Number of protein chains: 2
Amino acid sequence: MKLDKLCGDRFKEKPADCVINSHALMVRGGYMKNVANGIYSSYMPLKRITKKIENIIREEMDAIDGQEVLFPVVMPASLWSESGRYESVGSEMVRLADRNGTPLVLGMTHEEAAVHLVRESANTYTKYPFMIYQIQTKFRDEARPRAGLIRVREFTMKDAYSFHTSQEDLERYYEICYEAYNKIFARCGIPEVITVESDSGMMGGNISHEYMLLTPIGEDSIAICGECDYRANMEAAQSIVKNEPNGEDNDLELVYTPHMQTIEDVCNFLNVSVEQSCKAVVYQKNLTDEFVIVFLRGDLDVNETKLTNYLREEIHPGEITEDCGLIAGFTGPVNMDREKFTVLFDKSLEGTNNLCCGANQPDYHFKGLKISRDVEDVEFTDLAKIKEGGICPNCGKNSIKIARGIEVGNIFQLGTKYTKSMGMQYQDAEGNLQYPIMGCYGIGVGRLAASVCEAHHDDYGPIWPMSIAPWQVHICCLRADDENCKSVSDKLYEDMLANKIEVIYDDRDFRPGVMFSDADLLGVPIRVVCSPRNLAEGVCEVVTRDKSINEKTPVEQVMDFCKKLIADLMA
Amino acid sequence: MKLDKLCGDRFKEKPADCVINSHALMVRGGYMKNVANGIYSSYMPLKRITKKIENIIREEMDAIDGQEVLFPVVMPASLWSESGRYESVGSEMVRLADRNGTPLVLGMTHEEAAVHLVRESANTYTKYPFMIYQIQTKFRDEARPRAGLIRVREFTMKDAYSFHTSQEDLERYYEICYEAYNKIFARCGIPEVITVESDSGMMGGNISHEYMLLTPIGEDSIAICGECDYRANMEAAQSIVKNEPNGEDNDLELVYTPHMQTIEDVCNFLNVSVEQSCKAVVYQKNLTDEFVIVFLRGDLDVNETKLTNYLREEIHPGEITEDCGLIAGFTGPVNMDREKFTVLFDKSLEGTNNLCCGANQPDYHFKGLKISRDVEDVEFTDLAKIKEGGICPNCGKNSIKIARGIEVGNIFQLGTKYTKSMGMQYQDAEGNLQYPIMGCYGIGVGRLAASVCEAHHDDYGPIWPMSIAPWQVHICCLRADDENCKSVSDKLYEDMLANKIEVIYDDRDFRPGVMFSDADLLGVPIRVVCSPRNLAEGVCEVVTRDKSINEKTPVEQVMDFCKKLIADLMA
């Protein structure tokens with residue numbers, strides 16, 4: 001490819017709407033162009049990167065017996081009604097109608113389509129297990145697309161679905177897929193990706209993992225143990241609190257606490273630590289507006305994912321009105337109307353005593369609360385967010401650290417949610433009808449490309465790993481007007497093409513500074529610089545993008561040196 | 001791949017809804033499954049075929065300096081408003097809205113997206129010419145999806161867009177693309193594809209060609225000259241009629257023709273040939289319902305594509321009501337209200353005399369019509385369909401034959417329709433702003449796969465060319481319960497995998513008849529049959545799907561023989 005014809009602008013200024021480096025560099029480098037909010041076109045360099053990523057994914061999926069298939073982008077709503085998700089999924093799923101008014105959806109995931117494809121033919125146990133996958137465009141109408149390719153509305157995804165006749169077989173294959181994913185990320189240049197336990201969310205199922213690239217700009221919070229190998233998405237991490245009674249039990253006592261609406265105010269006033277308080281957090285169910293009150297230890301926060309999963313309902317922060325029966329700032333567990341409100345207690349309150357809490361009347365709190373004594377029918381549930389310095393659910397030490405990460409992939413054990421709801425069955429060896437057990441496995445291709453850029457760049461541009469770089473070699477002819485310089489460069493370019501080296505060639509009549517900054521933005525791993533000064537010594541400069549190698553190489557050896565470098569960097 | 005795990009059913013019965021062979025065979029062979037009207041999922045065999053086709057297309061596009069890019073499937077309506085097509089394209093374009101009510105469209109073609117991608121960066125003549133292309137999912141809400149992958153609503157397409165600084169340069173590149181297309185079809189196994197001149201339709205522009213696979217089940221009608229190399233889509237073919245006066249001019253004379261509403265009735269009654277009549281065909285404009293009357297020689301039909309192009313408006317067959325001013329069956333050109341109606345004359349009436357025609361009053365016709373004498377302000381336009389035995393517009397002989405074909409690709413010279421409407425300009429060498437001139441070039445991947453199947457199949461299944469076959473070799477182990485037969489087959493399979501031969505392996509415990517009919521349906525070019533009887537002689541049968549080769553080959557030579565066959569069949 002000649003750079004002078006390459007479509008897309010490269011420029012210096014950081015675009016105002018880019019909040020993360022990978023986004024800024026990929027806009028500045030002519031990789032992508034915004035078409036609408038969260039919708040991009042890709043220029044050739046990005047398309048070449050994603051194609052290589054797709055091929056790596058494909059090879060690793062084929063290696064674990066994946067069958068590549070293709071599902072439609074546009075699906076009939078009726079298919080999604082079978083699983084119940086046409087109704088249960090929110091406005092992130094685009095609903096539309098065709099010319100005859102038939103309701104359709106744009107695919108944001110393809111469990112329904114996967115079951116549809118195989119439900120008649122996979123009718124006997126001998127055809128199991130199997131895995132099907134596709135690499136295809138998806139659309140998810142995100143409320144807040146952001147960070148370039150990290151959170152978009154239209155994206156290319158590899159999604160795989162495996163089908164099994166037993167939970168054990170699913171777990172066996174899940175492990176295989178787990179390792180395949182590690183290979184994929186390593187081959188794409190980010191072996192540092194870690195797995196974390198995750199919440200299954202709208203997918204259903206129980207066990208699931210996310211693959212995270214740790215980076216301060218990540219959208220997800222991850223709990224990592226500094227002492228053992230425990231790692232979980234904050235959404236899924238168990239919050240462990242070990243309480244011991246704080247001295248003798250006192251009596252429950254009403255205290256006048258005028259205008260003290262926060263638990264911190266009250267604790268200060270009573271001169272106790274926030275750990276000695278029982279905080280109320282009020283939500284409402286989305287469908288009915290019924291109030292849900294979560295009580296938890298004053299120093300902790302509610303994990304809304306856990307709460308939603310527990311309730312199996314969507315919720316929003318509660319709006320306490322004058323006649324709703326709750327007193328804002330003074331809500332407490334004693335004498336709470338359990339018929340009218342859903343009242344939940346976090347595990348952090350188990351085994352506590354002598355707490356302060358709201359008294360359900362204006363300007364009054366209680367102190368001396370012992371829940372097991374003062375409240376009837378209490379069950380303690382894990383509803384709190386794990387926190388920095390908290391207890392590791394695995395090793396039990398106070399060793400939890402909170403980090404941020406980008407989710408670059410995920411794997412789920414789905415169980416029979418889709419096969420049951422969509423009536424997919426097979427005959428087992430005894431002739432009985434059974435529901436297959438499913439797993440599903442996703443990787444966002446564009447997000448992975450952006451993550452690699454986030455992990456590997458400098459101030460001047462991306463530093464693409466050889467495995468996914470848009471080109472392998474970038475030739476800069478610094479003086480296209482110098483006959484010898486031009487002809488040596490031309491010949492190198494032609495020779496490399498003939499040797500199937502992926503090469504981009506810059507022979508524009510520009511200043512070296514412009515050529516080098518363009519080369520930095522394209523991030524090609526090997527750069528070959530031809531200049532009259534070097535050629536006077538019979539050499540070219542061969543430089544790697546990461547600056548680790550910078551060698552003056554005799555012109556006639558440049559090709560072989562590049563070939564060797566490519567092989568080394570590919571390994 | 002082991003056949004026992006391959007997803008998808010293969011079966012014998014022709015599905016009731018399949019009207020063409022390729023569709024029936026691809027459903028029967030487990031290539032595709034209907035998800036909704038005109039929307040399919042692909043199983044692994046079809047996905048492998050389309051992937052190979054895509055790679056062939058990609059190689060040929062790259063070879064003519066194409067830059068692979070990616071446009072979105074979902075685009076903002078505003079982009080299509082820029083070119084005017086948001087309004088002008090009918091209900092085949094799906095219009096939808098996102099969660100905020102922003103109007104969007106599903107891409108059915110990407111001229112707007114192509115101009116959007118390059119309009120800022122391609123700002124100077126030195127960056128021209130260039131071509132960008134993508135291979136991506138498209139959605140066109142066809143009123144009547146049919147014939148399997150031939151006419152679907154969701155499809156994968158390669159669409160390419162070239163940009164030039166002169167018409168000459170576009171024409172130069174158009175020729176290059178023309179040849180690249182011929183290579184693509186030849187490499188996919190259908191070198192018999194022909195090009196025909198076509199109508200540009202909604203794409204705009206002037207010169208365009210379609211690539212047609214001739215087959216009786218084709219949707220398009222094509223005019224082919226038996227004497228020269230003229231070939232055109234019926235929609236675009238010029239209709240040439242050479243008239244000579246039919247004797248002396250007679251006077252215009254009113255004739256009583258009770259209840260004779262067709263031109264044939266009248267000609268019979270008057271004892272003249274239909275060529276001696278002036279027929280009226282009545283349409284109405286879609287937007288205004290204004291009547292359009294086309295007069296043409298009685299033996300010809302109106303070409304509605306030409307009519308639409310001439311009017312630059314969509315039309316539908318006219319509904320003649322009592323008060324509309326027209327007399328059904330008796331409409332004629334004499335004393336026609338030219339203010340009220342759009343009245344057009346086909347070239348077939350030029351130079352005629354002594355015609356019969358409607359008299360615009362019930363039960364009366366004229367005879368002796370000479371248009372140039374009896375009607376004022378007549379212009380003759382080409383609005384008729386070319387017909388079998390008609391005159392070739394190129395060589396002038398009466399040598400036109402009408403054939404049917406499937407359009408497998410098309411190329412258009414677009415001109416400046418999109419660059420002008422969307423404000424894309426570049427600076428030429430003199431510093432003046434100019435609009436680039438565009439070409440566009442499309443191939444439907446799934447339709448191409450189906451067309452190859454249509455061209456190459458027998459009663460038992462597709463006969464895939466090696467270049468796009470789902471696998472290269474199909475091993476049948478006829479007796480999996482025979483230890484030697486199984487172990488020889490297993491070893492062959494493993495060896496072939498190790499030698500990177502694409503192989504599918506059937507070691508199911510089924511009757512040979514079932515295995516062979518499955519193999520026929522999968523259409524793999526080379527079949528290796530292991531049976532105890534053959535192995536007793538130390539051989540396997542190596543058979544090609546097209547039956548041209550059937551050789552007993554010593555077991556130890558099977559691999560090399562297959563390798564050689566693959567190489568031969570690929571060439």
# chains A, B, ... in the order shown; residues from 1 in each chain; ligands from 1
call {"tool": "residues_around", "arguments": {"residues": "segment 382-396 of chain A", "least_positions_apart": "4", "cutoff": "9 Å", "atoms": "only C-alpha atoms", "output": "VMD selection string"}}
result
chain A and resid 223 to 230 234 to 242 294 296 to 297 300 to 307 310 344 to 348 400 to 402
call {"tool": "write_last_selection", "arguments": {"atoms": "N, CA and C atoms", "output": "mmCIF file, in the first residue's frame"}}
result
data_model
loop_
_atom_site.group_PDB
_atom_site.id
_atom_site.type_symbol
_atom_site.label_atom_id
_atom_site.label_comp_id
_atom_site.auth_asym_id
_atom_site.auth_seq_id
_atom_site.Cartn_x
_atom_site.Cartn_y
_atom_site.Cartn_z
ATOM 1 N N ALA A 223 -12.595 -6.537 42.071
ATOM 2 C CA ALA A 223 -12.015 -6.824 43.377
ATOM 3 C C ALA A 223 -10.925 -7.872 43.188
ATOM 4 N N ILE A 224 -9.724 -7.533 43.631
ATOM 5 C CA ILE A 224 -8.588 -8.436 43.465
ATOM 6 C C ILE A 224 -7.951 -8.651 44.833
ATOM 7 N N CYS A 225 -7.693 -9.904 45.136
ATOM 8 C CA CYS A 225 -7.041 -10.179 46.407
ATOM 9 C C CYS A 225 -5.527 -10.064 46.245
ATOM 10 N N GLY A 226 -4.891 -9.383 47.191
ATOM 11 C CA GLY A 226 -3.439 -9.250 47.140
ATOM 12 C C GLY A 226 -2.714 -10.467 47.710
ATOM 13 N N GLU A 227 -3.473 -11.368 48.299
ATOM 14 C CA GLU A 227 -2.853 -12.513 48.977
ATOM 15 C C GLU A 227 -3.102 -13.845 48.265
ATOM 16 N N CYS A 228 -4.234 -13.964 47.593
ATOM 17 C CA CYS A 228 -4.505 -15.227 46.882
ATOM 18 C C CYS A 228 -4.921 -14.885 45.450
ATOM 19 N N ASP A 229 -5.460 -15.838 44.689
ATOM 20 C CA ASP A 229 -5.776 -15.544 43.285
ATOM 21 C C ASP A 229 -7.243 -15.161 43.078
ATOM 22 N N TYR A 230 -7.890 -14.743 44.142
ATOM 23 C CA TYR A 230 -9.293 -14.334 44.008
ATOM 24 C C TYR A 230 -9.406 -13.046 43.194
ATOM 25 N N MET A 234 -16.739 -6.373 40.706
ATOM 26 C CA MET A 234 -17.410 -5.813 41.880
ATOM 27 C C MET A 234 -18.875 -6.240 41.924
ATOM 28 N N GLU A 235 -19.498 -6.275 40.757
ATOM 29 C CA GLU A 235 -20.914 -6.642 40.690
ATOM 30 C C GLU A 235 -21.178 -8.022 41.275
ATOM 31 N N ALA A 236 -20.179 -8.912 41.148
ATOM 32 C CA ALA A 236 -20.387 -10.295 41.566
ATOM 33 C C ALA A 236 -19.692 -10.623 42.880
ATOM 34 N N ALA A 237 -18.757 -9.760 43.305
ATOM 35 C CA ALA A 237 -17.921 -10.129 44.459
ATOM 36 C C ALA A 237 -18.733 -10.174 45.742
ATOM 37 N N GLN A 238 -18.556 -11.283 46.451
ATOM 38 C CA GLN A 238 -19.208 -11.461 47.741
ATOM 39 C C GLN A 238 -18.611 -10.454 48.732
ATOM 40 N N SER A 239 -19.440 -9.846 49.526
ATOM 41 C CA SER A 239 -18.945 -8.932 50.560
ATOM 42 C C SER A 239 -18.934 -9.679 51.886
ATOM 43 N N ILE A 240 -17.760 -9.824 52.446
ATOM 44 C CA ILE A 240 -17.636 -10.569 53.702
ATOM 45 C C ILE A 240 -17.371 -9.578 54.828
ATOM 46 N N VAL A 241 -18.138 -9.670 55.884
ATOM 47 C CA VAL A 241 -17.914 -8.814 57.044
ATOM 48 C C VAL A 241 -17.929 -9.713 58.270
ATOM 49 N N LYS A 242 -16.928 -9.572 59.104
ATOM 50 C CA LYS A 242 -16.936 -10.357 60.351
ATOM 51 C C LYS A 242 -17.217 -9.409 61.506
ATOM 52 N N VAL A 294 -33.195 -1.391 51.938
ATOM 53 C CA VAL A 294 -32.051 -2.248 52.256
ATOM 54 C C VAL A 294 -31.348 -1.651 53.470
ATOM 55 N N LEU A 296 -28.023 -1.841 55.827
ATOM 56 C CA LEU A 296 -26.670 -2.399 55.845
ATOM 57 C C LEU A 296 -25.784 -1.545 56.747
ATOM 58 N N ARG A 297 -24.632 -2.061 57.034
ATOM 59 C CA ARG A 297 -23.741 -1.358 57.945
ATOM 60 C C ARG A 297 -23.363 -0.022 57.343
ATOM 61 N N LEU A 300 -20.832 0.745 54.453
ATOM 62 C CA LEU A 300 -20.890 -0.011 53.187
ATOM 63 C C LEU A 300 -21.903 0.595 52.215
ATOM 64 N N ASP A 301 -21.795 0.171 50.941
ATOM 65 C CA ASP A 301 -22.753 0.611 49.925
ATOM 66 C C ASP A 301 -23.498 -0.586 49.357
ATOM 67 N N VAL A 302 -24.684 -0.300 48.835
ATOM 68 C CA VAL A 302 -25.464 -1.378 48.238
ATOM 69 C C VAL A 302 -24.880 -1.730 46.866
ATOM 70 N N ASN A 303 -24.795 -3.028 46.569
ATOM 71 C CA ASN A 303 -24.425 -3.512 45.239
ATOM 72 C C ASN A 303 -25.731 -3.739 44.481
ATOM 73 N N GLU A 304 -26.041 -2.832 43.593
ATOM 74 C CA GLU A 304 -27.368 -2.860 42.969
ATOM 75 C C GLU A 304 -27.557 -4.076 42.066
ATOM 76 N N THR A 305 -26.464 -4.605 41.526
ATOM 77 C CA THR A 305 -26.573 -5.823 40.720
ATOM 78 C C THR A 305 -27.050 -6.991 41.575
ATOM 79 N N LYS A 306 -26.446 -7.128 42.763
ATOM 80 C CA LYS A 306 -26.890 -8.203 43.653
ATOM 81 C C LYS A 306 -28.346 -8.012 44.049
ATOM 82 N N LEU A 307 -28.714 -6.761 44.311
ATOM 83 C CA LEU A 307 -30.089 -6.477 44.734
ATOM 84 C C LEU A 307 -31.070 -6.851 43.617
ATOM 85 N N TYR A 310 -31.332 -10.550 43.336
ATOM 86 C CA TYR A 310 -32.096 -11.121 44.454
ATOM 87 C C TYR A 310 -33.593 -10.906 44.237
ATOM 88 N N LEU A 344 -34.993 -5.589 53.447
ATOM 89 C CA LEU A 344 -33.896 -6.550 53.323
ATOM 90 C C LEU A 344 -32.744 -6.142 54.235
ATOM 91 N N PHE A 345 -32.054 -7.151 54.762
ATOM 92 C CA PHE A 345 -30.929 -6.897 55.668
ATOM 93 C C PHE A 345 -29.653 -7.493 55.077
ATOM 94 N N ASP A 346 -28.645 -6.680 54.947
ATOM 95 C CA ASP A 346 -27.366 -7.171 54.438
ATOM 96 C C ASP A 346 -26.633 -7.972 55.503
ATOM 97 N N LYS A 347 -25.810 -8.901 55.038
ATOM 98 C CA LYS A 347 -25.056 -9.764 55.942
ATOM 99 C C LYS A 347 -24.144 -8.969 56.883
ATOM 100 N N SER A 348 -23.814 -7.736 56.498
ATOM 101 C CA SER A 348 -22.913 -6.939 57.340
ATOM 102 C C SER A 348 -23.536 -6.605 58.690
ATOM 103 N N ILE A 400 -8.376 -7.137 50.043
ATOM 104 C CA ILE A 400 -9.024 -6.803 48.761
ATOM 105 C C ILE A 400 -8.569 -5.433 48.262
ATOM 106 N N LYS A 401 -8.187 -5.422 46.986
ATOM 107 C CA LYS A 401 -7.889 -4.158 46.324
ATOM 108 C C LYS A 401 -8.924 -3.968 45.207
ATOM 109 N N ILE A 402 -9.281 -2.729 44.954
ATOM 110 C CA ILE A 402 -10.226 -2.463 43.870
ATOM 111 C C ILE A 402 -9.453 -1.858 42.699
#
call {"tool": "closest_atom_pairs", "arguments": {"of": "chain B", "to": "chain A", "cutoff": "6 Å", "atoms": "only C-alpha atoms", "output": "Markdown table"}}
result
| residue | atom | partner | partner_atom | distance |
| --- | --- | --- | --- | --- |
| B:Lys5 | CA | A:Lys127 | CA | 5.1 |
| B:Gly8 | CA | A:Ser121 | CA | 5.6 |
| B:Asp9 | CA | A:Ser121 | CA | 5.3 |
| B:Ser41 | CA | A:Phe71 | CA | 4.6 |
| B:Ser42 | CA | A:Leu70 | CA | 4.9 |
| B:Tyr43 | CA | A:Val69 | CA | 4.9 |
| B:Met44 | CA | A:Val69 | CA | 4.9 |
| B:Lys47 | CA | A:Val69 | CA | 5.6 |
| B:Gln67 | CA | A:Met44 | CA | 5.7 |
| B:Glu68 | CA | A:Met44 | CA | 5.3 |
| B:Val69 | CA | A:Met44 | CA | 4.9 |
| B:Leu70 | CA | A:Ser42 | CA | 4.9 |
| B:Phe71 | CA | A:Ser41 | CA | 4.6 |
| B:Pro72 | CA | A:Ser41 | CA | 5.9 |
| B:Leu96 | CA | A:Leu96 | CA | 6.0 |
| B:Ser121 | CA | A:Asp9 | CA | 5.3 |
| B:Lys127 | CA | A:Lys5 | CA | 5.1 |
call {"tool": "closest_residue", "arguments": {"among": "A:Asn271, A:Gln261, A:Gln276, A:Asn233", "to": "Gly247 of chain A", "atoms": "only C-alpha atoms"}}
result
A:Gln276
call {"tool": "select_by_dssp", "arguments": {"residues": "segment 213-392 of chain B", "states": "strand (DSSP E)", "output": "number ranges by chain"}}
result
B: 213-214, 220-225, 231-233, 253-256, 278-285, 291-297, 315-317, 342-346, 355-361, 364-369, 380-381
call {"tool": "select_by_dssp", "arguments": {"residues": "segment 236-316 of chain B", "states": "alpha helix (DSSP H)", "output": "list of chain:residue names"}}
result
B:Ile263, B:Glu264, B:Asp265, B:Val266, B:Cys267, B:Asn268, B:Phe269, B:Leu270, B:Glu304, B:Thr305, B:Lys306, B:Leu307, B:Thr308, B:Asn309, B:Tyr310, B:Leu311
call {"tool": "residues_around", "arguments": {"residues": "Glu314 of chain A", "least_positions_apart": "4", "cutoff": "7 Å", "atoms": "only C-alpha atoms", "output": "NGL selection string"}}
result
:A and (285-286 or 308)
call {"tool": "residues_around", "arguments": {"residues": "segment 513-529 of chain B", "least_positions_apart": "3", "cutoff": "7 Å", "atoms": "only C-alpha atoms", "output": "list of chain:residue names"}}
result
B:Arg10, B:Leu25, B:Gly29, B:Tyr460, B:Gly461, B:Pro462, B:Ile463, B:Trp464, B:Pro465, B:Met466, B:Ala469, B:Pro470, B:Trp471, B:Gln472, B:Val473, B:His474, B:Ile475, B:Cys476, B:Cys477, B:Phe510, B:Cys540, B:Glu541, B:Val542, B:Val543, B:Thr544, B:Arg545
